[in-house]
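Remarks on the structure that follows.
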There are 2 protein chains.
Amino acid sequence: MNTILVVDDDVYIGDMLEEVLHKEGYGVLRAYSGSEALLLLSSGRPDLVLLDLMLPGLNGEEVLAAIQGIPVIVVSARAEAEDKVSLLLGGAADYVTKPFDMKELLARIAVQFRKTTVIEEKTRLHVDDIVLDMEAHSVTVNDRAVKVTRTEYAILRLLMRNPEQVIPKSVILEKISGDTPDCVESSLKVHISNLRKKLREAGGKDYIESVWGIGFKMKT
Amino acid sequence: MNTILVVDDDVYIGDMLEEVLHKEGYGVLRAYSGSEALLLLSSGRPDLVLLDLMLPGLNGEEVLAAIQGIPVIVVSARAEAEDKVSLLLGGAADYVTKPFDMKELLARIAVQFRKTTVIEEKTRLHVDDIVLDMEAHSVTVNDRAVKVTRTEYAILRLLMRNPEQVIPKSVILEKISGDTPDCVESSLKVHISNLRKKLREAGGKDYIESVWGIGFKMKT
DNA sequence: GATAAATCTTAACCATTTCTTAATCTTTCT
DNA sequence: AGAAAGATTAAGAAATGGTTAAGATTTATC
């Protein structure tokens, strides 16, 4: 689920946005000031920021400058081209003037996610509730971080890359040990067992299926 | 050089756009109809399309649907939210209503290129409370100056440029030593250790995370 | 150009994590 | 039921990471 951080000191507008965004299936975080926004950026890990410019305390541009890596849509009552230009060039992904049409705002939000998910597809694998991020080298189950070792990660990636396919034990051993496909089968058993346990503890069920005499595959 | 395909049947506006875009350093292709646009898409390989909706012949939405892989900014006289929504959801990257402010259009074009060329030359990187200024060649944590050596700076910049990403040890070594990826791993350990210590002394916490067996990444 | 300071590299040490092995128990197939 | 394969557990082995200190190298300063 994508999470949006709504930064607006106007409670009325903020509430309205939160309600609509929730109905659209987004997670919503709220901040009423720039400094609060910066705190939530690291703790809440939003995927997009809706940033109102009229903020007490920190300047909107300062907040904008502090946000890295995720798109920011600036929402502002100021409709002057100068403002738009400086913020767009300053890093904003889009600029919407108040009063805005909610449908249009939702469409512009969708545009941002379309863009990021295109890039995302190469680096992230999704199977059931498991997400394996190859850039961050991380595994999450239901957005819960799972700490896996290097070998466990390698095995899980192999399985998740071919979710419908049974991966023979020999193939797994080859990929992880690289060379000696000897008596190391007992080792693989342990890795699978540990991996299962970690995933089960985070997701509450068993994600890996054993195919008797052959190997393993992801459960569908 | 980035090339922009301008699709507009209005010669006057098209000429104006071409002139301004040229001055901005873009290459410009011109099309006066939808079918012409489709031809130029494959032959001219533009990096972005400015698409006017009022086209003779092909419908603007059909042209939009035919364009894959490059951003399309729709330019239209129709300001109704419905039109915007359908086109944005239909694949447009942005929607600008006529009459438009040229500076704003240029800014919105720049946003698209910033998105597609992932690595943008920014002068300042922000991660958590750390600010790395490439112009001043300085590092501050909570506005407190941290004196880092050249290699430490190089490592930190590499990590901060990709905050969500694990940087393999080999990559770090390559970037800083340039050549010998040999037994220099002990050296990297020391640099990381020193960097951590300096950042910790200024910020009170650990900012660098080790990913066992792989490399390092910024904590988020 | 010589000296001092800063920086980088290397190696050794210890703590921690991860891997492997083997023993034991459970499941599945014939 | 018996045999073969799978699952789990625990313990020792191996590998990796972190820290420190000393010598080598580079850079700065006079």
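Scheme for the structure tokens: letters A, B, ... for chains in order shown; per-chain residue numbers from 1; ligand numbers from 1 in order shown.
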Using 7 Å as the limit and counting only C-alpha atoms, can you tabulate each residue of chain B that touches chain A, with its shortest atom-to-atom distance in Å and the two atoms involved, as CSV?
residue,atom,partner,partner_atom,distance
B:Ala81,CA,A:Glu104,CA,5.8
B:Lys84,CA,A:Glu104,CA,6.5
B:Val85,CA,A:Glu104,CA,5.3
B:Leu88,CA,A:Ala107,CA,6.0
B:Leu89,CA,A:Ala107,CA,5.9
B:Ala93,CA,A:Val111,CA,6.3
B:Asp101,CA,A:Ala81,CA,6.6
B:Lys103,CA,A:Val85,CA,6.6
B:Glu104,CA,A:Val85,CA,5.3
B:Ala107,CA,A:Val85,CA,5.5
B:Arg108,CA,A:Leu88,CA,6.8
B:Val111,CA,A:Ala93,CA,6.3
B:His126,CA,A:Ala66,CA,5.8
B:Asp128,CA,A:Ser42,CA,6.9
B:Glu164,CA,A:Ala136,CA,5.6
B:Gln165,CA,A:Ala136,CA,4.4
B:Val166,CA,A:Ala136,CA,5.1
B:Gly213,CA,A:Arg150,CA,6.6
B:Thr220,CA,A:Ser42,CA,6.0
Return as an MDAnalysis selection string the residues belonging to chain B that are within 9 Å of chain D, counting only C-alpha atoms (C1' of nucleotides). chainID B and resid 189:190 193 210 212:213
Would you output that residue set with C-alpha atoms, as a short mmCIF file (atom, residue, chain, number, x, y, z; two decimals), in the first residue's frame?
data_model
loop_
_atom_site.label_atom_id
_atom_site.label_comp_id
_atom_site.auth_asym_id
_atom_site.auth_seq_id
_atom_site.Cartn_x
_atom_site.Cartn_y
_atom_site.Cartn_z
CA LYS B 189 36.60 -1.06 7.49
CA VAL B 190 38.68 1.65 9.09
CA SER B 193 34.61 3.09 11.48
CA SER B 210 26.17 -2.62 7.67
CA TRP B 212 26.40 -8.44 6.39
CA GLY B 213 28.45 -9.87 3.60
#
Among segment 40-172 of chain A, which ones does DSSP assign to alpha helix (DSSP H) (computed from the backbone)? Answer as a PyMOL selection string. chain A and resi 40-44+60-66+81-89+102-123+150-161+169-172
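The part of chain C that reaches within 8 Å of chain A is made up of DT18, DC19, DT20 and DT21 of chain C, counting only C-alpha atoms (C1' of nucleotides).
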File dump, residues just selected, N, CA and C atoms (P, O5', C5', C4', C3', O3' and C1' of nucleotides), as a short mmCIF file (atom, residue, chain, number, x, y, z; two decimals), in the first residue's frame:
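Okay, this is what ended up in selection.cif:
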data_model
loop_
_atom_site.label_atom_id
_atom_site.label_comp_id
_atom_site.auth_asym_id
_atom_site.auth_seq_id
_atom_site.Cartn_x
_atom_site.Cartn_y
_atom_site.Cartn_z
P DT C 18 23.60 -12.58 10.51
"O5'" DT C 18 24.32 -13.83 9.84
"C5'" DT C 18 25.46 -13.62 9.02
"C4'" DT C 18 26.11 -14.93 8.70
"C3'" DT C 18 25.15 -16.01 8.15
"O3'" DT C 18 25.64 -16.43 6.91
"C1'" DT C 18 26.56 -16.90 9.82
P DC C 19 24.84 -17.45 6.00
"O5'" DC C 19 25.71 -18.76 6.22
"C5'" DC C 19 27.09 -18.72 5.86
"C4'" DC C 19 27.74 -20.05 6.20
"C3'" DC C 19 27.02 -21.28 5.64
"O3'" DC C 19 27.93 -22.01 4.85
"C1'" DC C 19 27.43 -21.53 7.99
P DT C 20 27.39 -23.28 4.03
"O5'" DT C 20 27.80 -24.48 5.00
"C5'" DT C 20 29.16 -24.58 5.42
"C4'" DT C 20 29.27 -25.63 6.50
"C3'" DT C 20 28.70 -27.00 6.13
"O3'" DT C 20 29.77 -27.93 6.17
"C1'" DT C 20 28.00 -26.32 8.31
P DT C 21 29.57 -29.39 5.47
"O5'" DT C 21 29.42 -30.35 6.72
"C5'" DT C 21 30.21 -30.11 7.90
"C4'" DT C 21 29.57 -30.71 9.11
"C3'" DT C 21 28.89 -32.07 8.89
"O3'" DT C 21 29.66 -33.07 9.55
"C1'" DT C 21 27.60 -30.65 10.30
#
Among the residues of segment 53-190 of chain B, find those DSSP assigns to strand (DSSP E) from the backbone and print them as a list of chain:residue names. B:Val72, B:Ile73, B:Val74, B:Val75, B:Ser76, B:Asp94, B:Tyr95, B:Val96, B:Thr97, B:Arg124, B:Leu125, B:His126, B:Val127, B:Ile130, B:Val131, B:Leu132, B:Asp133, B:Ser138, B:Val139, B:Thr140, B:Val141, B:Arg144, B:Ala145, B:Val146, B:Ile167, B:Pro168
Once you have the residues from the selection above, write them out as a PDB file, in the first residue's frame, restricted to C-alpha atoms.
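What follows is the written file out21.pdb:
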ATOM      1  CA  VAL B  72       3.896  13.163 -22.636  1.00  0.00           C
ATOM      2  CA  ILE B  73       2.879  16.633 -21.519  1.00  0.00           C
ATOM      3  CA  VAL B  74      -0.579  17.460 -22.802  1.00  0.00           C
ATOM      4  CA  VAL B  75      -1.169  21.069 -23.754  1.00  0.00           C
ATOM      5  CA  SER B  76      -4.806  21.944 -24.212  1.00  0.00           C
ATOM      6  CA  ASP B  94       1.373  16.307 -17.018  1.00  0.00           C
ATOM      7  CA  TYR B  95      -1.404  18.554 -18.274  1.00  0.00           C
ATOM      8  CA  VAL B  96      -0.997  22.244 -18.987  1.00  0.00           C
ATOM      9  CA  THR B  97      -3.868  24.509 -20.008  1.00  0.00           C
ATOM     10  CA  ARG B 124      23.220  19.265  -1.497  1.00  0.00           C
ATOM     11  CA  LEU B 125      22.285  15.901  -0.155  1.00  0.00           C
ATOM     12  CA  HIS B 126      20.083  15.497   2.889  1.00  0.00           C
ATOM     13  CA  VAL B 127      19.698  12.252   4.801  1.00  0.00           C
ATOM     14  CA  ILE B 130      23.101  14.935   7.798  1.00  0.00           C
ATOM     15  CA  VAL B 131      23.658  17.547   5.114  1.00  0.00           C
ATOM     16  CA  LEU B 132      26.416  17.095   2.586  1.00  0.00           C
ATOM     17  CA  ASP B 133      27.177  20.182   0.533  1.00  0.00           C
ATOM     18  CA  SER B 138      31.299  20.199   3.804  1.00  0.00           C
ATOM     19  CA  VAL B 139      29.325  17.884   6.036  1.00  0.00           C
ATOM     20  CA  THR B 140      27.058  18.999   8.853  1.00  0.00           C
ATOM     21  CA  VAL B 141      25.003  17.021  11.341  1.00  0.00           C
ATOM     22  CA  ARG B 144      27.095  21.084  13.481  1.00  0.00           C
ATOM     23  CA  ALA B 145      30.126  20.993  11.212  1.00  0.00           C
ATOM     24  CA  VAL B 146      31.848  17.648  10.904  1.00  0.00           C
ATOM     25  CA  ILE B 167      26.292  -0.133  -1.710  1.00  0.00           C
ATOM     26  CA  PRO B 168      28.503  -3.204  -2.069  1.00  0.00           C
TER      27      PRO B 168
END
